[in-house]
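Participant: Structure file target26.txt (compact mmCIF, C-alpha atoms) is given on the next line.
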# COMPACT_ATOMS: atom_id res chain seq x y z
CA MET A 487 -100.41 10.25 -36.38
CA ASN A 488 -102.22 10.16 -39.76
CA LYS A 489 -100.56 9.58 -43.11
CA ASP A 490 -100.73 13.25 -44.12
CA LYS A 491 -98.75 14.19 -41.00
CA ILE A 492 -96.20 11.46 -41.73
CA LEU A 493 -95.82 12.64 -45.34
CA SER A 494 -95.37 16.18 -44.06
CA LEU A 495 -92.52 15.00 -41.83
CA ILE A 496 -90.91 13.10 -44.69
CA SER A 497 -90.92 16.30 -46.74
CA LEU A 498 -88.83 17.93 -44.00
CA LEU A 499 -86.04 15.34 -44.21
CA ASP A 500 -84.09 17.44 -46.72
CA ASP A 501 -84.66 20.74 -44.92
CA GLU A 502 -81.56 22.93 -44.92
CA ASN A 503 -82.02 23.54 -41.21
CA GLU A 504 -80.48 20.51 -39.51
CA ASN A 505 -82.63 21.01 -36.43
CA THR A 506 -85.74 20.70 -38.57
CA SER A 507 -84.57 17.53 -40.36
CA SER A 508 -83.41 16.00 -37.05
CA PHE A 509 -86.82 16.73 -35.55
CA ALA A 510 -88.50 15.01 -38.50
CA ILE A 511 -86.29 11.93 -38.11
CA LYS A 512 -87.02 11.76 -34.38
CA GLU A 513 -90.78 12.05 -34.92
CA LEU A 514 -90.82 9.43 -37.66
CA LEU A 515 -88.84 7.02 -35.49
CA SER A 516 -91.27 7.55 -32.61
CA GLU A 517 -94.12 6.40 -34.85
CA GLY A 518 -92.48 3.03 -35.45
CA LYS A 519 -94.50 0.75 -37.72
CA LYS A 520 -97.03 3.47 -38.49
CA ALA A 521 -94.41 5.41 -40.45
CA LEU A 522 -92.69 2.47 -42.14
CA GLY A 523 -95.35 2.00 -44.81
CA ALA A 524 -95.13 5.60 -45.94
CA LEU A 525 -91.34 5.60 -45.72
CA SER A 526 -91.09 2.56 -48.00
CA GLU A 527 -92.62 4.65 -50.77
CA PHE A 528 -89.59 6.97 -50.62
CA GLN A 529 -86.84 4.31 -50.56
CA GLU A 530 -85.99 5.10 -54.19
CA SER A 531 -86.78 8.82 -54.06
CA VAL A 532 -85.12 10.92 -56.77
CA ASN A 533 -84.09 13.27 -53.96
CA PRO A 534 -80.79 11.77 -52.70
CA ILE A 535 -81.06 13.39 -49.25
CA ILE A 536 -84.56 12.07 -48.61
CA ARG A 537 -83.55 8.65 -49.96
CA LYS A 538 -80.52 8.52 -47.67
CA ARG A 539 -82.45 9.58 -44.57
CA VAL A 540 -85.33 7.20 -45.26
CA HIS A 541 -82.82 4.34 -45.43
CA GLN A 542 -81.24 5.64 -42.22
CA ILE A 543 -84.60 5.65 -40.40
CA GLN A 544 -85.41 2.15 -41.66
CA ALA A 545 -82.01 0.86 -40.50
CA ILE A 546 -82.45 2.40 -37.04
CA HIS A 547 -85.91 0.85 -36.80
CA LEU A 548 -84.53 -2.61 -37.64
CA ILE A 549 -81.78 -2.23 -35.03
CA ARG A 550 -84.32 -1.20 -32.38
CA LYS A 551 -86.59 -4.10 -33.32
CA SER A 552 -83.67 -6.53 -33.07
CA ARG A 553 -82.76 -5.19 -29.62
CA ASP A 554 -86.36 -5.47 -28.42
CA ILE A 555 -86.37 -9.11 -29.50
CA LEU A 556 -83.07 -9.61 -27.70
CA VAL A 557 -84.52 -8.21 -24.46
CA ARG A 558 -87.32 -10.77 -24.66
CA ARG A 559 -84.84 -13.56 -25.32
CA LEU A 560 -82.85 -12.63 -22.22
CA THR A 561 -85.89 -13.32 -20.05
CA ASN A 562 -87.17 -16.48 -21.73
CA ARG A 563 -85.70 -19.89 -20.96
CA HIS A 564 -87.17 -21.24 -24.20
CA SER A 565 -85.44 -18.65 -26.39
CA GLY A 566 -83.39 -19.78 -29.35
CA LEU A 567 -79.81 -19.60 -28.10
CA TRP A 568 -78.17 -19.28 -31.51
CA ASN A 569 -80.37 -16.43 -32.71
CA GLY A 570 -79.85 -14.74 -29.36
CA LEU A 571 -76.07 -14.90 -29.77
CA LEU A 572 -76.41 -13.51 -33.29
CA GLU A 573 -78.39 -10.57 -31.92
CA ILE A 574 -75.81 -10.00 -29.18
CA HIS A 575 -73.14 -9.91 -31.90
CA LEU A 576 -75.19 -7.33 -33.83
CA ALA A 577 -75.57 -5.22 -30.68
CA TRP A 578 -71.81 -4.59 -31.03
CA PHE A 579 -71.26 -5.01 -34.79
CA ASP A 580 -74.45 -3.25 -35.86
CA ARG A 581 -73.45 -3.20 -39.54
CA ASP A 582 -72.91 -6.93 -39.75
CA THR A 583 -75.64 -9.39 -40.76
CA LYS A 584 -76.92 -12.71 -39.49
CA GLU A 585 -76.34 -14.12 -42.97
CA ASN A 586 -72.60 -13.40 -42.77
CA ILE A 587 -72.30 -15.11 -39.39
CA ASN A 588 -74.35 -18.11 -40.44
CA ALA A 589 -72.15 -18.51 -43.51
CA LEU A 590 -69.09 -18.75 -41.24
CA PHE A 591 -70.85 -21.33 -39.09
CA ALA A 592 -71.87 -23.33 -42.18
CA GLU A 593 -68.20 -23.66 -43.12
CA LEU A 594 -67.40 -24.97 -39.65
CA LEU A 595 -70.37 -27.35 -39.71
CA ASN A 596 -69.20 -28.69 -43.06
CA GLU A 597 -65.84 -29.63 -41.52
CA PHE A 598 -67.55 -31.06 -38.45
CA SER A 599 -69.79 -33.29 -40.56
CA LYS A 600 -66.69 -35.12 -41.80
CA LEU A 601 -66.18 -36.73 -38.37
CA GLU A 602 -66.80 -40.45 -38.60
CA ASN A 603 -67.36 -41.23 -34.93
CA LEU A 604 -69.07 -38.39 -33.09
CA ASN A 605 -68.75 -38.50 -29.34
CA SER A 606 -67.65 -36.20 -26.53
CA LYS A 607 -63.96 -36.83 -27.11
CA SER A 608 -64.10 -36.38 -30.88
CA LEU A 609 -66.05 -33.14 -30.41
CA ALA A 610 -63.48 -31.81 -27.93
CA ASN A 611 -60.64 -32.83 -30.24
CA PHE A 612 -62.34 -31.16 -33.22
CA MET A 613 -62.69 -27.85 -31.36
CA ARG A 614 -59.06 -28.09 -30.26
CA MET A 615 -57.81 -28.94 -33.75
CA MET A 616 -59.81 -26.07 -35.26
CA GLY A 617 -57.93 -23.73 -32.92
CA PHE A 618 -60.76 -22.56 -30.66
CA VAL A 619 -59.29 -21.18 -27.42
CA MET A 620 -60.29 -18.95 -24.53
CA PRO A 621 -58.44 -15.61 -24.18
CA ILE A 622 -55.60 -15.10 -21.74
CA GLU A 623 -56.95 -14.52 -18.24
CA GLY A 624 -57.58 -10.82 -17.68
CA ASP A 625 -57.73 -10.02 -21.40
CA ILE A 626 -61.02 -8.18 -22.07
CA ASP A 627 -62.23 -7.53 -25.60
CA PRO A 628 -65.84 -7.13 -26.80
CA GLU A 629 -65.12 -9.46 -29.72
CA TYR A 630 -64.70 -12.42 -27.36
CA TYR A 631 -68.46 -12.27 -26.72
CA CYS A 632 -69.54 -11.84 -30.34
CA VAL A 633 -70.12 -15.18 -32.02
CA GLY A 634 -69.22 -14.00 -35.53
CA SER A 635 -65.84 -12.70 -34.39
CA VAL A 636 -65.17 -15.89 -32.45
CA LEU A 637 -65.90 -17.99 -35.55
CA GLU A 638 -63.33 -15.91 -37.43
CA SER A 639 -60.58 -15.43 -34.84
CA LYS A 640 -61.16 -18.72 -32.93
CA ILE A 641 -60.69 -16.79 -29.65
CA GLY A 642 -63.76 -16.49 -27.46
CA SER A 643 -65.34 -16.56 -24.05
CA ASP A 644 -66.34 -19.84 -22.41
CA SER A 645 -70.04 -19.22 -23.07
CA VAL A 646 -69.62 -18.48 -26.77
CA LEU A 647 -67.20 -21.37 -27.39
CA SER A 648 -69.50 -23.83 -25.62
CA ALA A 649 -72.51 -22.45 -27.51
CA ILE A 650 -70.73 -23.02 -30.83
CA ALA A 651 -69.95 -26.62 -29.85
CA TYR A 652 -73.54 -27.04 -28.67
CA LYS A 653 -74.87 -25.72 -32.00
CA LEU A 654 -72.66 -28.18 -33.91
CA LEU A 655 -74.13 -31.06 -31.92
CA ILE A 656 -77.73 -29.91 -32.32
CA GLU A 657 -77.28 -29.50 -36.08
CA SER A 658 -75.86 -33.04 -36.17
CA GLY A 659 -78.89 -34.46 -34.38
CA LYS A 660 -77.13 -35.05 -31.06
CA GLU A 661 -78.42 -34.18 -27.60
CA ALA A 662 -76.43 -31.96 -25.27
CA LYS A 663 -76.92 -29.39 -22.53
CA LEU A 664 -75.06 -26.32 -21.37
CA ILE A 665 -73.94 -26.12 -17.75
CA ARG A 666 -72.00 -23.97 -15.30
CA TYR A 667 -69.10 -26.03 -13.95
CA LYS A 668 -66.17 -24.72 -11.90
CA ASN A 669 -67.33 -21.20 -12.79
CA ILE A 670 -67.04 -21.93 -16.53
CA THR A 671 -69.78 -22.48 -19.10
CA CYS A 672 -69.30 -26.03 -20.37
CA LEU A 673 -71.48 -28.60 -22.07
CA ILE A 674 -72.45 -32.19 -21.42
CA MET A 675 -72.66 -34.88 -24.06
CA ASP A 676 -73.09 -38.62 -23.51
CA GLY A 677 -72.46 -38.22 -19.78
CA ASP A 678 -69.18 -36.32 -20.23
CA ILE A 679 -68.44 -32.71 -19.34
CA ILE A 680 -66.60 -30.85 -22.13
CA ASN A 681 -64.66 -27.87 -20.83
CA PRO A 682 -63.73 -25.16 -23.39
CA GLU A 683 -60.81 -24.00 -21.24
CA SER A 684 -58.72 -26.94 -22.43
CA TRP A 685 -61.24 -29.04 -24.39
CA LYS A 686 -60.73 -31.91 -21.99
CA THR A 687 -63.54 -34.25 -21.01
CA GLU A 688 -64.51 -35.79 -17.69
CA SER A 689 -67.42 -37.82 -16.40
CA GLU A 690 -70.41 -35.90 -15.10
CA LYS A 691 -70.98 -38.52 -12.39
CA SER A 692 -70.58 -36.97 -8.93
CA ALA A 693 -69.63 -33.64 -10.54
CA GLU A 694 -71.39 -30.58 -9.14
CA TYR A 695 -72.78 -28.29 -11.80
CA GLU A 696 -75.77 -26.13 -12.71
CA THR A 697 -77.82 -26.62 -15.87
CA LEU A 698 -78.20 -23.40 -17.82
CA ASP A 699 -81.18 -22.21 -19.84
CA PRO A 700 -80.62 -20.23 -23.08
CA GLY A 701 -81.65 -16.99 -21.42
CA GLN A 702 -79.03 -17.46 -18.70
CA VAL A 703 -76.26 -18.12 -21.23
CA MET A 704 -77.27 -15.05 -23.22
CA ARG A 705 -77.50 -12.79 -20.16
CA TYR A 706 -74.08 -13.94 -18.94
CA THR A 707 -72.58 -13.31 -22.39
CA MET A 708 -74.20 -9.90 -22.71
CA LEU A 709 -73.16 -8.82 -19.22
CA LYS A 710 -69.55 -9.66 -20.07
CA LEU A 711 -69.89 -7.78 -23.37
CA PHE A 712 -71.28 -4.80 -21.44
CA LEU A 713 -68.24 -4.79 -19.15
CA ALA A 714 -65.92 -5.11 -22.15
CA THR A 715 -67.48 -2.06 -23.82
CA ILE A 716 -66.80 -0.03 -20.67
CA CYS A 717 -63.15 -1.09 -20.71
CA SER A 718 -62.88 -0.20 -24.39
CA GLU A 719 -64.52 3.20 -23.72
CA SER A 720 -67.17 2.53 -26.37
CA TYR A 721 -69.79 4.52 -24.54
CA ARG A 722 -72.45 4.55 -27.25
CA TYR A 723 -72.53 0.76 -27.23
CA THR A 724 -72.26 0.69 -23.46
CA TYR A 725 -75.45 2.72 -23.34
CA THR A 726 -77.43 0.63 -25.84
CA ILE A 727 -76.32 -2.74 -24.43
CA GLY A 728 -76.87 -1.53 -20.87
CA LYS A 729 -80.35 -0.39 -21.86
CA CYS A 730 -81.20 -3.91 -23.08
CA LEU A 731 -79.95 -5.42 -19.83
CA LYS A 732 -81.89 -2.89 -17.77
CA LYS A 733 -85.13 -3.75 -19.55
CA SER A 734 -84.57 -7.46 -18.93
CA GLU A 735 -84.18 -6.87 -15.18
CA THR A 736 -87.91 -6.34 -14.78
CA ALA A 737 -88.58 -10.02 -15.47
CA ALA A 738 -88.34 -12.71 -12.80
CA PRO A 739 -84.94 -14.46 -12.72
CA LEU A 740 -84.74 -17.80 -14.49
CA PRO A 741 -84.48 -20.80 -12.15
CA ILE A 742 -81.26 -22.79 -12.19
CA LYS A 743 -81.58 -26.56 -12.39
CA LYS A 744 -79.19 -28.49 -10.20
CA ASN A 745 -77.45 -31.67 -11.32
CA GLU A 746 -79.96 -34.47 -10.65
CA ASN A 747 -77.09 -36.80 -9.79
CA LEU A 748 -76.49 -34.82 -6.60
CA LYS A 749 -78.51 -35.27 -3.46
CA ALA A 750 -79.97 -32.18 -1.87
CA ASP A 751 -78.41 -31.19 1.46
Taking this structure as input, can you express it in the form of structure tokens?

Facilitator:
Amino acid sequence: MNKDKILSLISLLDDENENTSSFAIKELLSEGKKALGALSEFQESVNPIIRKRVHQIQAIHLIRKSRDILVRRLTNRHSGLWNGLLEIHLAWFDRDTKENINALFAELLNEFSKLENLNSKSLANFMRMMGFVMPIEGDIDPEYYCVGSVLESKIGSDSVLSAIAYKLLIESGKEAKLIRYKNITCLIMDGDIINPESWKTESEKSAEYETLDPGQVMRYTMLKLFLATICSESYRYTYTIGKCLKKSETAAPLPIKKNENLKAD
């Protein structure tokens, strides 16, 4: 579509006939990046209706772009886990921002940095003292799978709680890994398994677990969020989140690494 056609569509955004303006919005969205340059010229249009709808189109484009990135993260073991969790949060709270969530995490990291002796037990105790807990069994709420909400309420799923603890360690220069242990997403630090269910620690020696890649943690979290949206009857979000999961199904499943301490049968 050439620029003249795009400009013609923009001129229809304030049409009194809603069908005409809706058609223009749909066509401009279908053009993606091609239309963004022209639309940017109308961000501060003196016509309030055109200005409002241009901002609306730009916002929808950003949301779609974010979800496309999320789909790619779900199928890539080398994806950035934290950014992936931020994008999962935004799939539910689509008016929130990464900056708001990162500000909440920065406050937590500031408290965490005050620990004098950082080890598995002090990490577990810190998470316990800060009030981070898993929800009551059977309680399903989309917010338990949204990292920003978990940072605020301190109630979250095993995968999100472990990911927060993992992020604290990485930001502090410590090594750790996320695992699936006793059907719960936990993490390992200094040879100890840290379980978010009670924030207790135990030795990884002889323990049977599966090492998780970022894509696996994100897919698990998003699948649980998808189920929670169904239970909350939030069908619009069920559709958009389900669409992301459907797109990710076309990729080959990520391999699961077994605990090297265990001998193969």

Participant: Suppose you want the space between atom CA of A:Arg539 and atom CA of A:Thr583; what is it in Å?

Facilitator: 20.5 Å

Participant: With the cut-off set at 9 Å and counting all atoms listed in the file, tabulate each residue of stretch 708-738 of chain A with an atom at most that distance from an atom of stretch 571-580 of chain A, showing the nearest atom pair and its distance in Å to one decimal, ordered by chain and increasing number, as a Markdown table.

Facilitator:
| residue | atom | partner | partner_atom | distance |
| --- | --- | --- | --- | --- |
| A:Met708 | CA | A:Ile574 | CA | 6.7 |
| A:Leu711 | CA | A:Trp578 | CA | 8.5 |
| A:Thr715 | CA | A:Trp578 | CA | 8.8 |
| A:Tyr723 | CA | A:Trp578 | CA | 6.6 |
| A:Thr726 | CA | A:Ala577 | CA | 7.8 |
| A:Ile727 | CA | A:Ala577 | CA | 6.8 |

Participant: As an exercise, work out the distance from atom CA of A:Ile535 to atom CA of A:Asp500 in Å and give it to one decimal place.

Facilitator: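 Straight-line distance from atom CA of A:Ile535 to atom CA of A:Asp500 works out to 5.7 Å.
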
Participant: Could you list, as a compact mmCIF listing (two decimals) with C-alpha atoms, in the frame of the given file, every residue within 9 Å of stretch 584-595 of chain A, counting all atoms listed in the file and ignoring same-chain residues fewer than 5 positions away?

Facilitator:
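New file out.txt:
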# COMPACT_ATOMS: atom_id res chain seq x y z
CA ASN A 569 -80.37 -16.43 -32.71
CA LEU A 572 -76.41 -13.51 -33.29
CA GLU A 573 -78.39 -10.57 -31.92
CA HIS A 575 -73.14 -9.91 -31.90
CA LEU A 576 -75.19 -7.33 -33.83
CA LYS A 600 -66.69 -35.12 -41.80
CA MET A 616 -59.81 -26.07 -35.26
CA VAL A 633 -70.12 -15.18 -32.02
CA GLY A 634 -69.22 -14.00 -35.53
CA SER A 635 -65.84 -12.70 -34.39
CA LEU A 637 -65.90 -17.99 -35.55
CA GLU A 638 -63.33 -15.91 -37.43
CA ILE A 650 -70.73 -23.02 -30.83
CA LEU A 654 -72.66 -28.18 -33.91
CA GLU A 657 -77.28 -29.50 -36.08
CA SER A 658 -75.86 -33.04 -36.17

Participant: Choose the residue, out of A:Pro621, A:Arg581, A:Gly642, A:Ser606, that has the smallest atom-to-atom separation from A:Lys686; count all atoms listed in the file.

Facilitator: A:Ser606

Participant: Give as a list of chain:residue names each residue that has an atom at most 7 Å from (-79.9, -28.3, -21.9) in the file, counting all atoms listed in the file.

Facilitator: A:Ala662, A:Lys663, A:Leu664, A:Thr697, A:Leu698, A:Asp699

Participant: Using Å and a single decimal, report how far atom CA of A:Lys660 sits from atom CA of A:Val619.

Facilitator: 22.9 Å

Participant: Between A:Val636, A:Asn605, A:Thr724, A:Ser643, which residue has the minimum interatomic distance to A:Gly677, considering only C-alpha atoms?

Facilitator: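 When distances to A:Gly677 are compared using only C-alpha atoms, the smallest one comes from A:Asn605.
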
Participant: Given the point (-96.4, 13.7, -43.2) in the file's coordinates, find the residues that have an atom at most 12 Å from it, counting only C-alpha atoms, and give them as a list in words.

Facilitator: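 Residues with an atom at most 12 Å from (-96.4, 13.7, -43.2): Met487, Asn488, Lys489, Asp490, Lys491, Ile492, Leu493, Ser494, Leu495, Ile496, Ser497, Leu498, Leu499, Ala510, Ile511, Glu513, Leu514, Glu517, Lys520, Ala521, Leu522, Gly523, Ala524 and Leu525 of chain A.
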